[in-house]
$ cat structure_21.csv   # CSV, C-alpha atoms
chain,number,residue,atom,x,y,z
C,733,MET,CA,-43.0,187.4,179.4
C,734,CYS,CA,-44.1,185.9,182.7
C,735,SER,CA,-47.7,186.6,181.9
C,736,THR,CA,-47.3,184.6,178.6
C,737,PHE,CA,-46.1,181.6,180.7
C,738,LYS,CA,-49.3,181.8,182.6
C,739,LEU,CA,-51.3,181.9,179.4
C,740,LEU,CA,-49.4,178.8,178.2
C,741,HIS,CA,-50.3,177.0,181.4
C,742,VAL,CA,-54.0,177.9,180.9
C,743,ILE,CA,-53.9,176.7,177.2
C,744,SER,CA,-52.4,173.4,178.2
C,745,ASN,CA,-55.3,172.7,180.6
C,746,LEU,CA,-58.1,173.7,178.3
C,747,SER,CA,-60.8,171.1,177.7
C,748,GLU,CA,-61.7,170.0,174.2
C,749,LYS,CA,-65.0,171.8,174.6
C,750,GLN,CA,-63.2,175.0,175.5
C,751,LYS,CA,-60.8,174.6,172.5
C,752,VAL,CA,-63.8,174.5,170.2
C,753,VAL,CA,-64.9,177.8,171.5
C,754,VAL,CA,-61.5,179.3,170.9
C,755,ARG,CA,-61.6,178.0,167.3
C,756,ASP,CA,-65.1,179.4,166.8
C,757,ILE,CA,-64.0,182.9,167.7
C,758,GLY,CA,-61.1,182.7,165.2
C,759,PHE,CA,-58.2,182.3,167.7
C,760,SER,CA,-57.2,178.7,167.1
C,761,SER,CA,-53.6,179.7,166.3
C,762,ILE,CA,-53.2,180.9,169.9
C,763,LEU,CA,-53.5,177.2,170.9
C,764,ASP,CA,-50.2,176.6,169.0
C,765,LEU,CA,-48.3,179.2,171.0
C,766,CYS,CA,-45.0,177.6,172.2
C,767,CYS,CA,-42.9,180.6,173.3
C,768,SER,CA,-43.0,181.8,176.9
C,769,SER,CA,-40.1,184.3,176.7
C,770,VAL,CA,-37.8,186.1,174.2
C,771,PRO,CA,-34.2,187.3,174.6
C,772,LYS,CA,-34.4,190.8,176.3
C,773,ASN,CA,-31.3,192.0,174.5
C,774,LEU,CA,-32.6,191.2,171.1
C,775,VAL,CA,-35.9,192.9,171.9
C,776,LEU,CA,-34.2,196.1,173.0
C,777,TRP,CA,-31.9,196.0,170.0
C,778,LEU,CA,-34.9,195.9,167.7
C,779,VAL,CA,-37.0,198.4,169.6
C,780,ASP,CA,-34.2,200.9,169.6
C,781,ARG,CA,-34.1,200.7,165.8
C,782,PHE,CA,-37.9,200.8,165.3
C,783,ASP,CA,-39.3,203.8,163.4
C,784,THR,CA,-42.8,204.2,164.8
C,785,SER,CA,-43.8,206.6,162.0
C,786,SER,CA,-43.6,203.7,159.5
C,787,ASN,CA,-43.5,200.6,161.6
C,788,THR,CA,-40.1,199.8,160.2
C,789,VAL,CA,-37.0,198.4,161.8
C,790,ASN,CA,-33.9,200.0,160.3
C,791,LEU,CA,-30.7,198.1,161.0
C,792,PRO,CA,-27.1,199.3,160.9
C,793,ASN,CA,-26.2,197.0,158.0
C,794,GLY,CA,-28.8,198.8,155.8
C,795,PHE,CA,-31.4,196.1,156.1
C,796,SER,CA,-34.9,197.2,157.0
C,797,LEU,CA,-38.2,195.3,157.6
C,798,THR,CA,-41.7,196.8,157.8
C,799,LEU,CA,-44.6,195.5,159.8
C,800,ASN,CA,-48.2,195.7,158.7
C,801,ALA,CA,-51.4,193.9,159.6
C,802,ALA,CA,-50.7,191.2,156.9
C,803,VAL,CA,-47.4,190.4,158.5
C,804,VAL,CA,-49.0,190.2,161.9
C,805,LYS,CA,-51.6,187.8,160.5
C,806,SER,CA,-48.9,185.7,158.8
C,807,ILE,CA,-47.2,185.3,162.2
C,808,LEU,CA,-50.1,185.0,164.6
C,809,GLY,CA,-53.0,183.9,162.4
C,810,LEU,CA,-55.5,186.2,164.0
C,811,PRO,CA,-58.7,187.5,162.2
C,812,MET,CA,-57.9,190.4,159.9
C,813,THR,CA,-61.0,192.1,158.5
C,814,SER,CA,-62.2,195.6,157.3
C,815,SER,CA,-63.8,196.1,160.7
C,816,LYS,CA,-61.2,198.1,162.7
C,817,ILE,CA,-61.2,198.0,166.5
C,818,ILE,CA,-61.5,201.4,168.0
C,819,CYS,CA,-59.0,201.4,170.8
C,820,LYS,CA,-61.0,203.7,173.2
C,821,ARG,CA,-62.8,203.2,176.5
C,822,ASN,CA,-66.5,202.7,176.2
C,823,GLU,CA,-68.4,203.2,179.5
C,824,GLU,CA,-71.2,200.7,178.7
C,825,SER,CA,-68.6,198.0,177.8
C,826,TYR,CA,-66.6,198.8,180.8
C,827,GLN,CA,-69.6,198.3,183.1
C,828,PHE,CA,-70.5,195.1,181.3
C,829,ILE,CA,-67.0,193.6,181.9
C,830,LYS,CA,-67.0,194.9,185.4
C,831,SER,CA,-70.2,193.2,186.2
C,832,HIS,CA,-69.1,189.8,184.7
C,833,PHE,CA,-65.5,189.7,186.1
C,834,LYS,CA,-64.7,190.5,189.7
C,835,SER,CA,-61.5,192.3,190.3
C,836,VAL,CA,-59.6,194.1,193.1
C,837,ALA,CA,-58.5,196.9,190.8
C,838,ARG,CA,-60.6,198.8,188.2
C,839,THR,CA,-60.0,196.0,185.6
C,840,PRO,CA,-59.3,192.3,185.8
C,841,SER,CA,-55.7,191.3,186.2
C,842,VAL,CA,-53.9,188.4,184.5
C,843,ASP,CA,-53.9,186.4,187.7
C,844,GLU,CA,-57.6,187.0,188.3
C,845,LEU,CA,-58.4,185.8,184.8
C,846,VAL,CA,-56.2,182.7,185.2
C,847,ALA,CA,-58.2,181.8,188.3
C,848,THR,CA,-61.5,182.4,186.5
C,849,ILE,CA,-60.8,180.0,183.7
C,850,THR,CA,-61.6,176.6,185.2
C,851,PRO,CA,-62.4,173.4,183.3
C,852,GLU,CA,-66.1,174.0,184.1
C,853,LEU,CA,-66.2,177.5,182.5
C,854,ASN,CA,-67.7,177.5,179.0
C,855,GLY,CA,-69.8,179.3,176.5
C,856,ASP,CA,-69.7,183.1,176.0
C,857,HIS,CA,-68.3,183.7,179.5
C,858,PHE,CA,-65.3,181.5,178.8
C,859,ALA,CA,-64.8,183.2,175.4
C,860,ARG,CA,-64.7,186.6,177.0
C,861,ALA,CA,-62.4,185.4,179.8
C,862,PHE,CA,-60.0,183.8,177.4
C,863,MET,CA,-59.9,186.8,175.1
C,864,LEU,CA,-59.2,189.1,178.0
C,865,LEU,CA,-56.4,186.8,179.2
C,866,VAL,CA,-54.9,186.6,175.7
C,867,LEU,CA,-55.0,190.4,175.3
C,868,ALA,CA,-53.6,191.2,178.7
C,869,SER,CA,-50.9,188.6,178.8
C,870,PHE,CA,-49.8,188.3,175.2
C,871,LEU,CA,-51.3,190.5,172.4
C,872,CYS,CA,-51.7,193.8,174.2
C,873,PRO,CA,-49.8,193.6,177.5
C,874,ASN,CA,-48.9,196.4,179.8
C,875,SER,CA,-46.5,196.8,182.7
C,876,ASN,CA,-49.3,196.4,185.3
C,877,ASN,CA,-50.4,192.9,184.0
C,878,VAL,CA,-54.0,194.0,183.9
C,879,THR,CA,-56.6,194.3,181.2
C,880,SER,CA,-57.4,197.6,179.5
C,881,SER,CA,-60.9,199.0,179.1
C,882,LYS,CA,-59.8,200.3,175.7
C,883,TYR,CA,-60.5,197.0,174.0
C,884,PHE,CA,-63.5,195.8,176.2
C,885,LYS,CA,-66.0,196.7,173.6
C,886,ALA,CA,-64.4,194.4,171.1
C,887,VAL,CA,-65.0,191.3,173.3
C,888,VAL,CA,-68.5,192.0,174.6
C,889,SER,CA,-70.3,190.4,171.6
C,890,VAL,CA,-68.7,187.0,171.3
C,891,ASN,CA,-70.2,186.4,167.8
C,892,ASP,CA,-68.5,189.6,166.6
C,893,ILE,CA,-65.0,188.7,167.8
C,894,ILE,CA,-64.1,186.8,164.6
C,895,LYS,CA,-65.4,189.6,162.5
C,896,GLN,CA,-62.9,192.2,163.7
C,897,ASP,CA,-59.4,193.2,162.7
C,898,TRP,CA,-57.3,192.0,165.6
C,899,CYS,CA,-54.0,192.1,163.6
C,900,SER,CA,-54.2,195.9,163.2
C,901,LEU,CA,-55.0,196.3,167.0
C,902,VAL,CA,-51.9,194.2,167.9
C,903,LEU,CA,-49.7,196.3,165.6
C,904,GLN,CA,-51.2,199.6,166.9
C,905,TRP,CA,-50.6,198.5,170.5
C,906,LEU,CA,-47.0,197.5,169.8
C,907,ASN,CA,-46.3,200.8,168.0
C,908,SER,CA,-47.7,202.8,170.9
C,909,SER,CA,-45.7,200.8,173.5
C,910,VAL,CA,-42.5,201.2,171.6
C,911,LEU,CA,-43.0,204.9,171.2
C,912,LYS,CA,-43.6,205.2,174.9
C,913,TYR,CA,-40.5,203.3,175.7
C,914,GLN,CA,-38.4,205.4,173.3
C,915,ASN,CA,-39.7,208.7,174.7
C,916,GLN,CA,-39.1,207.6,178.3
C,917,LYS,CA,-35.6,206.4,177.4
C,918,MET,CA,-34.9,209.7,175.7
C,919,ASN,CA,-35.9,211.5,178.9
C,920,GLY,CA,-33.6,209.3,181.0
C,921,GLN,CA,-36.4,207.2,182.4
C,922,THR,CA,-36.4,203.4,182.7
C,923,SER,CA,-39.4,201.4,181.5
C,924,GLN,CA,-40.4,198.0,180.1
C,925,THR,CA,-41.2,197.4,176.5
C,926,GLY,CA,-44.9,196.6,176.1
C,927,GLY,CA,-46.8,195.3,173.3
C,928,CYS,CA,-46.5,191.9,171.5
C,929,VAL,CA,-42.7,191.9,171.1
C,930,LEU,CA,-42.9,188.3,169.9
C,931,VAL,CA,-44.3,189.6,166.6
C,932,LEU,CA,-41.3,192.0,166.2
C,933,VAL,CA,-38.8,189.2,167.1
C,934,ILE,CA,-40.3,186.6,164.8
C,935,ALA,CA,-40.6,189.1,161.9
C,936,TYR,CA,-36.9,189.8,162.2
C,937,LEU,CA,-35.8,186.2,162.6
C,938,GLU,CA,-37.8,185.0,159.6
C,939,PHE,CA,-35.4,187.1,157.4
C,940,LEU,CA,-32.3,185.4,158.8
C,941,TYR,CA,-30.6,182.6,156.9
C,942,THR,CA,-29.2,179.6,158.7
C,943,SER,CA,-28.8,176.0,157.7
C,944,GLU,CA,-29.7,174.8,161.2
C,945,PHE,CA,-33.5,175.4,160.7
C,946,GLN,CA,-35.8,175.0,157.7
C,947,PHE,CA,-39.4,175.8,158.5
C,948,GLY,CA,-40.8,176.5,155.1
C,949,THR,CA,-43.2,179.4,154.6
C,950,THR,CA,-46.5,178.0,155.8
C,951,SER,CA,-48.6,180.4,157.9
C,952,PRO,CA,-49.3,181.1,160.7
C,953,ARG,CA,-45.7,181.1,161.9
C,954,ILE,CA,-46.4,181.1,165.6
C,955,LYS,CA,-46.3,177.3,165.9
C,956,TYR,CA,-42.7,177.1,164.7
C,957,TRP,CA,-41.1,179.6,167.0
C,958,SER,CA,-40.6,178.0,170.4
C,959,THR,CA,-38.6,179.5,173.3
C,960,SER,CA,-35.6,177.3,172.5
C,961,VAL,CA,-35.7,178.0,168.7
C,962,ILE,CA,-35.8,181.7,169.3
C,963,GLN,CA,-33.0,181.5,171.8
C,964,THR,CA,-30.8,179.5,169.4
C,965,PHE,CA,-31.4,181.9,166.5
C,966,SER,CA,-30.6,184.8,168.8
C,967,LEU,CA,-27.3,183.3,169.8
C,968,LEU,CA,-26.4,182.5,166.2
C,969,ASP,CA,-27.1,186.1,165.2
C,970,THR,CA,-25.2,187.7,168.1
C,971,GLN,CA,-22.1,189.6,167.1
C,972,PRO,CA,-18.8,188.2,168.4
C,973,GLY,CA,-17.6,189.5,171.8
C,974,THR,CA,-21.0,191.0,172.7
C,975,TYR,CA,-24.4,190.1,174.1
C,976,THR,CA,-26.2,193.2,173.0
C,977,ASN,CA,-25.5,193.6,169.3
C,978,PHE,CA,-27.0,191.4,166.6
C,979,GLY,CA,-27.0,191.2,162.8
C,980,ARG,CA,-24.4,188.5,162.2
C,981,LEU,CA,-26.4,186.2,160.1
C,982,PRO,CA,-27.1,186.9,156.4
C,983,VAL,CA,-30.6,188.0,155.5
C,984,LYS,CA,-33.0,186.6,152.9
C,985,HIS,CA,-34.9,188.5,150.2
C,986,LEU,CA,-38.5,189.2,151.0
C,987,CYS,CA,-39.5,186.6,148.3
C,988,CYS,CA,-37.9,183.9,150.3
C,989,THR,CA,-39.9,184.6,153.5
C,990,PRO,CA,-43.4,183.9,154.6
C,991,PHE,CA,-44.2,187.6,154.1
C,992,LYS,CA,-43.7,187.6,150.3
C,993,ASP,CA,-47.4,188.2,149.8
C,994,CYS,CA,-47.8,190.8,152.5
C,995,PHE,CA,-46.7,193.7,150.4
C,996,GLU,CA,-48.1,193.0,146.9
C,997,PHE,CA,-49.9,195.6,144.9
C,998,GLU,CA,-53.2,194.2,146.1
C,999,ASN,CA,-55.5,196.6,144.2
C,1000,ASP,CA,-53.9,196.0,140.8
C,1001,SER,CA,-53.7,192.2,141.3
C,1002,SER,CA,-57.3,191.9,142.4
C,1003,GLU,CA,-58.5,193.9,139.5
C,1004,ILE,CA,-56.6,191.8,137.0
C,1005,LEU,CA,-57.8,188.5,138.6
C,1006,HIS,CA,-61.4,189.9,138.7
C,1007,ASP,CA,-61.3,190.6,134.9
C,1008,ILE,CA,-59.9,187.1,134.2
C,1009,GLU,CA,-62.5,185.5,136.4
C,1010,SER,CA,-65.3,187.4,134.6
C,1011,PHE,CA,-64.0,186.3,131.2
C,1012,VAL,CA,-63.6,182.6,132.3
C,1013,LYS,CA,-67.1,182.6,133.8
C,1014,LYS,CA,-68.6,183.7,130.5
C,1015,ASN,CA,-66.5,181.4,128.3
C,1016,SER,CA,-66.2,178.1,130.1
C,1017,PRO,CA,-68.5,175.4,131.3
C,1018,PRO,CA,-69.8,176.0,134.9
C,1019,GLU,CA,-68.5,172.6,136.1
C,1020,HIS,CA,-65.0,173.5,135.0
C,1021,PHE,CA,-64.9,177.0,136.4
C,1022,LYS,CA,-63.3,176.2,139.8
C,1023,ILE,CA,-60.6,174.0,138.3
C,1024,ILE,CA,-59.7,176.6,135.6
C,1025,MET,CA,-59.6,179.5,138.2
C,1026,SER,CA,-57.4,177.4,140.5
C,1027,GLU,CA,-54.9,176.8,137.7
C,1028,ILE,CA,-55.0,180.5,136.6
C,1029,SER,CA,-54.5,181.7,140.2
C,1030,SER,CA,-51.4,179.4,140.5
C,1031,LEU,CA,-50.0,180.8,137.2
C,1032,PHE,CA,-50.8,184.3,138.2
C,1033,LYS,CA,-48.7,184.0,141.4
C,1034,LYS,CA,-45.8,182.6,139.5
C,1035,PHE,CA,-46.2,185.5,136.9
C,1036,HIS,CA,-46.3,188.1,139.7
C,1037,HIS,CA,-43.2,186.6,141.3
C,1038,SER,CA,-41.3,186.7,138.0
C,1039,ILE,CA,-42.3,190.4,137.6
C,1040,GLN,CA,-40.8,191.1,141.0
C,1041,GLN,CA,-37.6,189.3,140.1
C,1042,ARG,CA,-37.4,191.2,136.7
C,1043,ALA,CA,-38.1,194.5,138.6
C,1044,MET,CA,-35.1,193.8,140.8
C,1045,LYS,CA,-32.9,193.2,137.8
C,1046,ASP,CA,-34.1,196.4,136.1
C,1047,THR,CA,-33.6,198.4,139.3
C,1048,SER,CA,-30.1,197.1,139.6
C,1049,SER,CA,-29.4,198.0,135.9
C,1050,PHE,CA,-30.8,201.5,136.4
C,1051,LEU,CA,-28.6,202.1,139.5
C,1052,GLN,CA,-25.5,201.0,137.6
C,1053,SER,CA,-26.4,203.4,134.8
C,1054,VAL,CA,-26.9,206.2,137.3
C,1055,LEU,CA,-23.5,205.5,138.9
C,1056,ALA,CA,-21.8,205.5,135.6
C,1057,LEU,CA,-23.4,208.8,134.7
C,1058,VAL,CA,-22.4,210.4,137.9
C,1059,SER,CA,-18.8,209.4,137.5
C,1060,SER,CA,-18.7,210.4,133.8
C,1061,LYS,CA,-16.6,213.4,132.6
C,1062,GLU,CA,-19.5,214.8,130.7
C,1063,LEU,CA,-21.6,215.2,133.8
C,1064,GLN,CA,-18.7,216.7,135.8
C,1065,ASN,CA,-18.2,219.2,133.0
C,1066,ALA,CA,-21.9,220.1,132.9
C,1067,ILE,CA,-21.8,220.6,136.7
C,1068,GLN,CA,-18.8,222.8,136.5
C,1069,LYS,CA,-20.5,225.0,133.9
C,1070,ASN,CA,-23.7,225.1,135.9
C,1071,CYS,CA,-21.8,226.0,139.1
C,1072,ASN,CA,-19.8,228.7,137.4
C,1073,TYR,CA,-23.0,230.2,136.0
C,1074,LEU,CA,-24.7,230.3,139.3
C,1075,GLU,CA,-21.6,231.7,141.0
C,1076,ASP,CA,-21.2,234.4,138.4
C,1077,SER,CA,-24.8,235.6,138.8
C,1078,ASP,CA,-25.5,235.0,142.5
C,1079,SER,CA,-22.2,234.9,144.4
C,1080,ASP,CA,-19.4,237.4,145.1
C,1081,SER,CA,-16.9,234.5,144.8
C,1082,GLU,CA,-16.2,233.8,141.1
C,1083,LYS,CA,-13.9,230.8,141.8
C,1084,LYS,CA,-15.6,228.6,144.4
C,1085,PRO,CA,-14.5,224.9,144.4
C,1086,LEU,CA,-16.7,222.5,142.6
C,1087,SER,CA,-17.4,220.5,145.8
C,1088,ARG,CA,-19.3,223.5,147.2
C,1089,CYS,CA,-22.1,222.7,144.8
C,1090,PHE,CA,-22.8,219.5,146.8
C,1091,GLU,CA,-22.6,220.8,150.4
C,1092,PRO,CA,-25.6,220.3,152.6
C,1093,PHE,CA,-27.7,223.4,153.4
C,1094,THR,CA,-26.6,224.3,156.9
C,1095,GLU,CA,-26.3,227.5,158.9
C,1096,GLU,CA,-22.7,227.8,157.8
C,1097,THR,CA,-23.4,227.6,154.1
C,1098,LYS,CA,-26.5,229.7,154.5
C,1099,GLY,CA,-24.4,232.8,155.3
C,1100,SER,CA,-21.7,232.1,152.6

$ encode --input "structure_21.csv" --output "C-alpha cells"
Amino acid sequence: MCSTFKLLHVISNLSEKQKVVVRDIGFSSILDLCCSSVPKNLVLWLVDRFDTSSNTVNLPNGFSLTLNAAVVKSILGLPMTSSKIICKRNEESYQFIKSHFKSVARTPSVDELVATITPELNGDHFARAFMLLVLASFLCPNSNNVTSSKYFKAVVSVNDIIKQDWCSLVLQWLNSSVLKYQNQKMNGQTSQTGGCVLVLVIAYLEFLYTSEFQFGTTSPRIKYWSTSVIQTFSLLDTQPGTYTNFGRLPVKHLCCTPFKDCFEFENDSSEILHDIESFVKKNSPPEHFKIIMSEISSLFKKFHHSIQQRAMKDTSSFLQSVLALVSSKELQNAIQKNCNYLEDSDSDSEKKPLSRCFEPFTEETKGS
C-alpha cells in the first residue's frame, strides 16, 4: 500500500480551505484515514477464501462474513445513493481529464497527482485531482499505480460527486480485483491483489473479540483502524506456529458489530415506520411530532433487535427438533420402508444396505 502512504502524506499537508472542499464533496471521512499498510499474509488468507459470486468470505471454522455497499459505507463513510456509477470508459470524460491533467502515460499516475496537489490548488480542479488520487491510490487501485478512465465520468462534475454511490463502486472494484487474482493464481500466475483490501481486512477484524481494544460501534470505522492496531489484531489472530493462517480469536455475533444494521429487512422496516409516521402525524400536535418520532424510532430499533434475538432462539430450537427427528427410531423405520419400496420396484437388488439411500449422486452410483 505504498500509494496509500503517499495519499496520507498529501492529506497531512492539505490546507483548511482544501479540507472544506473535501468535506463538500462528501469525502470528509478520508481525512481520518490512518492506515498506510495491511499485513500481506492476512490479506491473502482472506482473498483466498473470498467467494466473488456472493461477496462472502467463508472461513475454515464455519464463520462467514458478507460485504455489501452498506458495510463499505459503515467502514469508509463514503456517499451511498441510488445513483450507481457506471464503471465504463467515456470518451468525452477521458478527453476532459486528459486536457486538465498532464501525464506521461494515457492516464495520470499517483505520483503525477501527488505533484499536482499543491497548497495553492483549490476549487473544482483540486476536487478532481484529490478524487483521482484517492481512487487510484486507495479506493480503486491497480498494479500500475495509475488512474483508470473507467471512473473519469464520475469526477468530471464536482457538484455531482456527493450524489453518487461510491460504496458500490469500491465493492465492485474489489470483487473484480479479487476474481482476477484468483483466476491468475489458478493458472499458476503470480499477481498482486488489487482493490481496497483495507475494507476486507477491517470487515473481518470487526468480528473478532479481544479485550485489548474496545472501539464501540460508531461509524465510519476508518478512523479507528490505524496501521499499528491492524498489525496487533493480526498478530493476536495468527494461529500458533504459523504466519499465514489466522482465525485464532473468537468471533462476535453480527448484532455486536458496527454492521448490525447493514443487513436488516429494509423494505419491511421502512413500510412499518412509514405507517407509524403517518398515524402520528395525523393524531399528534405538530410541535410534538419530531420528539414522538424520535422516541418511536428508538423503540423500533430495540424491538427489531429483540426480534432478531428471538429468531436466533427459535432457529436453534428448530434445529434441535430436526436433529432429534433424524436420530429417532420412527424416522429410521420410515426410511427403511421407503428404501425397500423403491428397491423392490426400481432395483434388481432387493436387499441394499440402508446407507445406500444417502449416497451422493456420482458416476459410480449412477450405474448401480

$ residues_around --input "structure_21.csv" --residues "C:Ile818" --least-positions-apart "2" --cutoff "9 Å" --atoms "all atoms listed in the file" --output "PyMOL selection string"
chain C and resi 816+820-821+882-883+885-886+901

$ residues_around --input "structure_21.csv" --residues "C:Asn745" --least-positions-apart "3" --cutoff "9 Å" --atoms "all atoms listed in the file" --output "VMD selection string"
chain C and resid 740 to 742 850 to 851

$ closest_residue --input "structure_21.csv" --among "C:Leu937, C:Cys766, C:Ile849, C:Cys988" --to "C:Thr949" --atoms "all atoms listed in the file"
C:Cys988

$ closest_residue --input "structure_21.csv" --among "C:Ser806, C:Glu1009, C:Tyr936, C:Leu967" --to "C:Arg781" --atoms "only C-alpha atoms"
C:Tyr936

$ closest_residue --input "structure_21.csv" --among "C:Ala837, C:Leu911, C:Ile962, C:Val803" --to "C:Thr784" --atoms "all atoms listed in the file"
C:Leu911

$ residues_around --input "structure_21.csv" --residues "C:Ala935" --least-positions-apart "5" --cutoff "9 Å" --atoms "only C-alpha atoms" --output "PyMOL selection string"
chain C and resi 797-799+803-804+807+930+991

$ atom_distance --input "structure_21.csv" --atom1 "atom CA of C:Thr950" --atom2 "atom CA of C:Lys738"
27.2 Å

$ build_atoms --input "structure_21.csv" --residues "stretch 895-911 of chain C" --atoms "N, CA and C atoms" --output "compact mmCIF listing (two decimals), keeping the file's coordinate frame"
# COMPACT_ATOMS: atom_id res chain seq x y z
N LYS C 895 -65.13 188.69 163.57
CA LYS C 895 -65.40 189.60 162.50
C LYS C 895 -64.54 190.87 162.52
N GLN C 896 -63.68 190.98 163.52
CA GLN C 896 -62.90 192.20 163.70
C GLN C 896 -61.44 192.07 163.38
N ASP C 897 -60.80 193.21 163.16
CA ASP C 897 -59.40 193.20 162.70
C ASP C 897 -58.46 193.28 163.95
N TRP C 898 -58.13 192.11 164.45
CA TRP C 898 -57.30 192.00 165.60
C TRP C 898 -55.79 192.22 165.25
N CYS C 899 -55.44 191.96 164.02
CA CYS C 899 -54.00 192.10 163.60
C CYS C 899 -53.63 193.61 163.65
N SER C 900 -54.52 194.48 163.20
CA SER C 900 -54.20 195.90 163.20
C SER C 900 -54.14 196.42 164.69
N LEU C 901 -54.99 195.87 165.56
CA LEU C 901 -55.00 196.30 167.00
C LEU C 901 -53.63 195.88 167.60
N VAL C 902 -53.15 194.67 167.33
CA VAL C 902 -51.90 194.20 167.90
C VAL C 902 -50.73 195.12 167.41
N LEU C 903 -50.74 195.47 166.13
CA LEU C 903 -49.70 196.30 165.60
C LEU C 903 -49.79 197.74 166.19
N GLN C 904 -50.99 198.26 166.32
CA GLN C 904 -51.20 199.60 166.90
C GLN C 904 -50.71 199.63 168.36
N TRP C 905 -51.01 198.58 169.10
CA TRP C 905 -50.60 198.50 170.50
C TRP C 905 -49.08 198.43 170.62
N LEU C 906 -48.47 197.62 169.76
CA LEU C 906 -47.00 197.50 169.80
C LEU C 906 -46.36 198.82 169.42
N ASN C 907 -46.87 199.50 168.41
CA ASN C 907 -46.30 200.80 168.00
C ASN C 907 -46.39 201.79 169.15
N SER C 908 -47.54 201.86 169.82
CA SER C 908 -47.70 202.80 170.90
C SER C 908 -46.79 202.47 172.09
N SER C 909 -46.61 201.20 172.36
CA SER C 909 -45.70 200.80 173.50
C SER C 909 -44.29 201.09 173.18
N VAL C 910 -43.87 200.86 171.94
CA VAL C 910 -42.50 201.20 171.60
C VAL C 910 -42.23 202.66 171.63
N LEU C 911 -43.19 203.45 171.14
CA LEU C 911 -43.00 204.90 171.20
C LEU C 911 -42.92 205.40 172.62
